Amino acid sequence: MQPRATIPKLADLDVVLTTPRLRLRPLRDDDVDDLWPYVSDRQFPRMMSWVAHTDKEQTRAFIKTTHDGLAANTHCTWAIEYLGKVWGTIGLDDITWQMRAWRIDRAEMGYWLAPPMWKQGLMTEAALAVLRFAFETLGLHKISIGCLAENAPSRRVIEKCGFRYVGQYEDDVWRDGAWHSHLRFEMLTSEWSQLRTATLRFPGTG
């Protein structure tokens, strides 16, 4: 499939996504109180690329970066809203359409979900909605995603979404006094189309 002739602008799109159980929407300043118990937990982000926030101003600053990324057409970050509260975020980062003479049309997916909501299929449900948006609305060609080798829950989400395993990057990142290996996965728009026409369904829909 050829790249789109016109590159879409995130700021012109309706980026609010709904699933059987979730509402994914841009973060708002008043989401700080919902996020704070988790983003301030020193142990929670140990498998992630960020560190715990020590001040609510850091959380507000993070929310501002998501607005800036949307305006710049490089990032799209959603609040994961369930039962009227925000329990995490999911995003398409480093959205890149062109690199010099190459069209590459790709992005990196990242996410986190508060522990009280684990093991209910919510993260998989959110990720599938974002993949649909990435491929069918934005028209991206490839989505990449990764997790630390020891992050088994995140790997399960990635695999349930149908990502193809690319390989293990040995000693890829340094954190908390040790090197950690990284598992890398990706999905092409053609692979998404195959999943959509096979048995892919949102969790909880039968």
# chains A, B, ... in the order shown; residues from 1 in each chain; ligands from 1

$ select_by_dssp --residues "stretch 65-127 of chain A" --states "alpha helix (DSSP H)" --output "VMD selection string"
chain A and resid 65 to 72 122 to 127

$ write_last_selection --atoms "C-alpha atoms" --output "PDB file, in the first residue's frame"
ATOM      1  CA  THR A  65       3.888  17.919  26.861  1.00  0.00           C
ATOM      2  CA  THR A  66       1.054  15.736  25.553  1.00  0.00           C
ATOM      3  CA  HIS A  67      -0.780  18.840  24.327  1.00  0.00           C
ATOM      4  CA  ASP A  68       2.418  20.151  22.733  1.00  0.00           C
ATOM      5  CA  GLY A  69       3.036  16.823  20.996  1.00  0.00           C
ATOM      6  CA  LEU A  70      -0.459  16.790  19.542  1.00  0.00           C
ATOM      7  CA  ALA A  71      -0.012  20.320  18.212  1.00  0.00           C
ATOM      8  CA  ALA A  72       3.380  19.393  16.731  1.00  0.00           C
ATOM      9  CA  LEU A 122      -8.481  -3.204  29.793  1.00  0.00           C
ATOM     10  CA  MET A 123      -4.979  -2.504  28.522  1.00  0.00           C
ATOM     11  CA  THR A 124      -5.432  -4.839  25.569  1.00  0.00           C
ATOM     12  CA  GLU A 125      -8.752  -3.162  24.811  1.00  0.00           C
ATOM     13  CA  ALA A 126      -7.138   0.277  24.841  1.00  0.00           C
ATOM     14  CA  ALA A 127      -4.195  -0.849  22.714  1.00  0.00           C
TER      15      ALA A 127
END

$ residues_around --residues "A:Lys160" --least-positions-apart "3" --cutoff "10 Å" --atoms "only C-alpha atoms" --output "PyMOL selection string"
chain A and resi 121+124-125+127-128+154-157+163+200

$ select_by_dssp --residues "stretch 9-86 of chain A" --states "strand (DSSP E)" --output "list in words"
Leu17, Thr18, Arg23, Leu24, Arg25, Cys76, Thr77, Trp78, Ala79, Ile80, Glu81, Tyr82, Lys85 and Val86 of chain A

$ residues_around --residues "A:Gln58" --least-positions-apart "5" --cutoff "12 Å" --atoms "only C-alpha atoms" --output "PDB file with C-alpha atoms, in the first residue's frame"
ATOM      1  CA  ASP A  29      -5.213  19.340  33.817  1.00  0.00           C
ATOM      2  CA  VAL A  32      -3.767  15.085  37.930  1.00  0.00           C
ATOM      3  CA  LEU A  35      -3.029   9.969  38.064  1.00  0.00           C
ATOM      4  CA  TRP A  36      -1.183  11.070  41.177  1.00  0.00           C
ATOM      5  CA  VAL A  39       2.720   8.356  39.031  1.00  0.00           C
ATOM      6  CA  SER A  40       4.013   9.239  42.524  1.00  0.00           C
ATOM      7  CA  TRP A  50      10.109   7.358  33.409  1.00  0.00           C
ATOM      8  CA  VAL A  51      10.615   7.881  37.125  1.00  0.00           C
ATOM      9  CA  ALA A  52       8.025   8.563  39.795  1.00  0.00           C
ATOM     10  CA  HIS A  53       6.832  12.134  40.101  1.00  0.00           C
ATOM     11  CA  ILE A  63       0.131  16.725  30.591  1.00  0.00           C
ATOM     12  CA  LYS A  64       1.332  19.904  28.880  1.00  0.00           C
ATOM     13  CA  THR A  65       3.888  17.919  26.861  1.00  0.00           C
TER      14      THR A  65
END

$ closest_residue --among "A:Leu113, A:Ala178, A:Leu188, A:Leu138" --to "A:Trp87" --atoms "only C-alpha atoms"
A:Leu113

$ closest_residue --among "A:Pro37, A:Pro26, A:Pro116, A:Gly167" --to "A:Thr54" --atoms "only C-alpha atoms"
A:Pro37

$ atom_distance --atom1 "atom CA of A:Leu183" --atom2 "atom CA of A:Ile80"
24.2 Å

$ atom_distance --atom1 "atom CA of A:Ser144" --atom2 "atom CA of A:Cys161"
12.1 Å

$ residues_around --residues "A:Arg132" --least-positions-apart "6" --cutoff "10 Å" --atoms "only C-alpha atoms" --output "ChimeraX atom specification"
/A:17,138-139,189,192-193,196

$ closest_residue --among "A:Thr197, A:Thr77, A:Thr137, A:Gln120" --to "A:Glu108" --atoms "only C-alpha atoms"
A:Thr77

$ residues_around --residues "A:Ile104" --least-positions-apart "5" --cutoff "12 Å" --atoms "only C-alpha atoms" --output "MDAnalysis selection string"
chainID A and resid 2:4 7 94:99 139:143 188

$ write_last_selection --atoms "C-alpha atoms" --output "short mmCIF file (atom, residue, chain, number, x, y, z; two decimals), in the first residue's frame"
data_model
loop_
_atom_site.label_atom_id
_atom_site.label_comp_id
_atom_site.auth_asym_id
_atom_site.auth_seq_id
_atom_site.Cartn_x
_atom_site.Cartn_y
_atom_site.Cartn_z
CA GLN A 2 1.41 3.38 -0.99
CA PRO A 3 1.85 6.17 1.59
CA ARG A 4 -0.93 8.69 1.84
CA ILE A 7 -0.12 13.70 5.81
CA ASP A 94 7.62 9.77 17.77
CA ILE A 95 5.12 9.80 14.91
CA THR A 96 7.35 10.22 11.87
CA TRP A 97 6.18 10.46 8.29
CA GLN A 98 9.34 11.42 6.45
CA MET A 99 13.08 11.00 7.02
CA GLY A 139 -2.82 5.74 7.85
CA LEU A 140 0.48 4.80 9.46
CA HIS A 141 2.43 1.91 7.97
CA LYS A 142 4.16 0.48 11.05
CA ILE A 143 3.75 0.56 14.83
CA LEU A 188 2.47 -3.46 9.74
#

$ residues_around --residues "A:Ile145" --least-positions-apart "4" --cutoff "7 Å" --atoms "only C-alpha atoms" --output "list of chain:residue names"
A:Glu108, A:Met109, A:Gly110, A:Arg184, A:Phe185, A:Glu186

$ closest_residue --among "A:Phe135, A:Phe44, A:Tyr38, A:Trp78" --to "A:Arg106" --atoms "only C-alpha atoms"
A:Phe135

$ closest_residue --among "A:Met48, A:Ala129, A:Ile90, A:Leu148" --to "A:Thr18" --atoms "only C-alpha atoms"
A:Ala129

$ atom_distance --atom1 "atom CA of A:Pro8" --atom2 "atom CA of A:Trp102"
17.3 Å
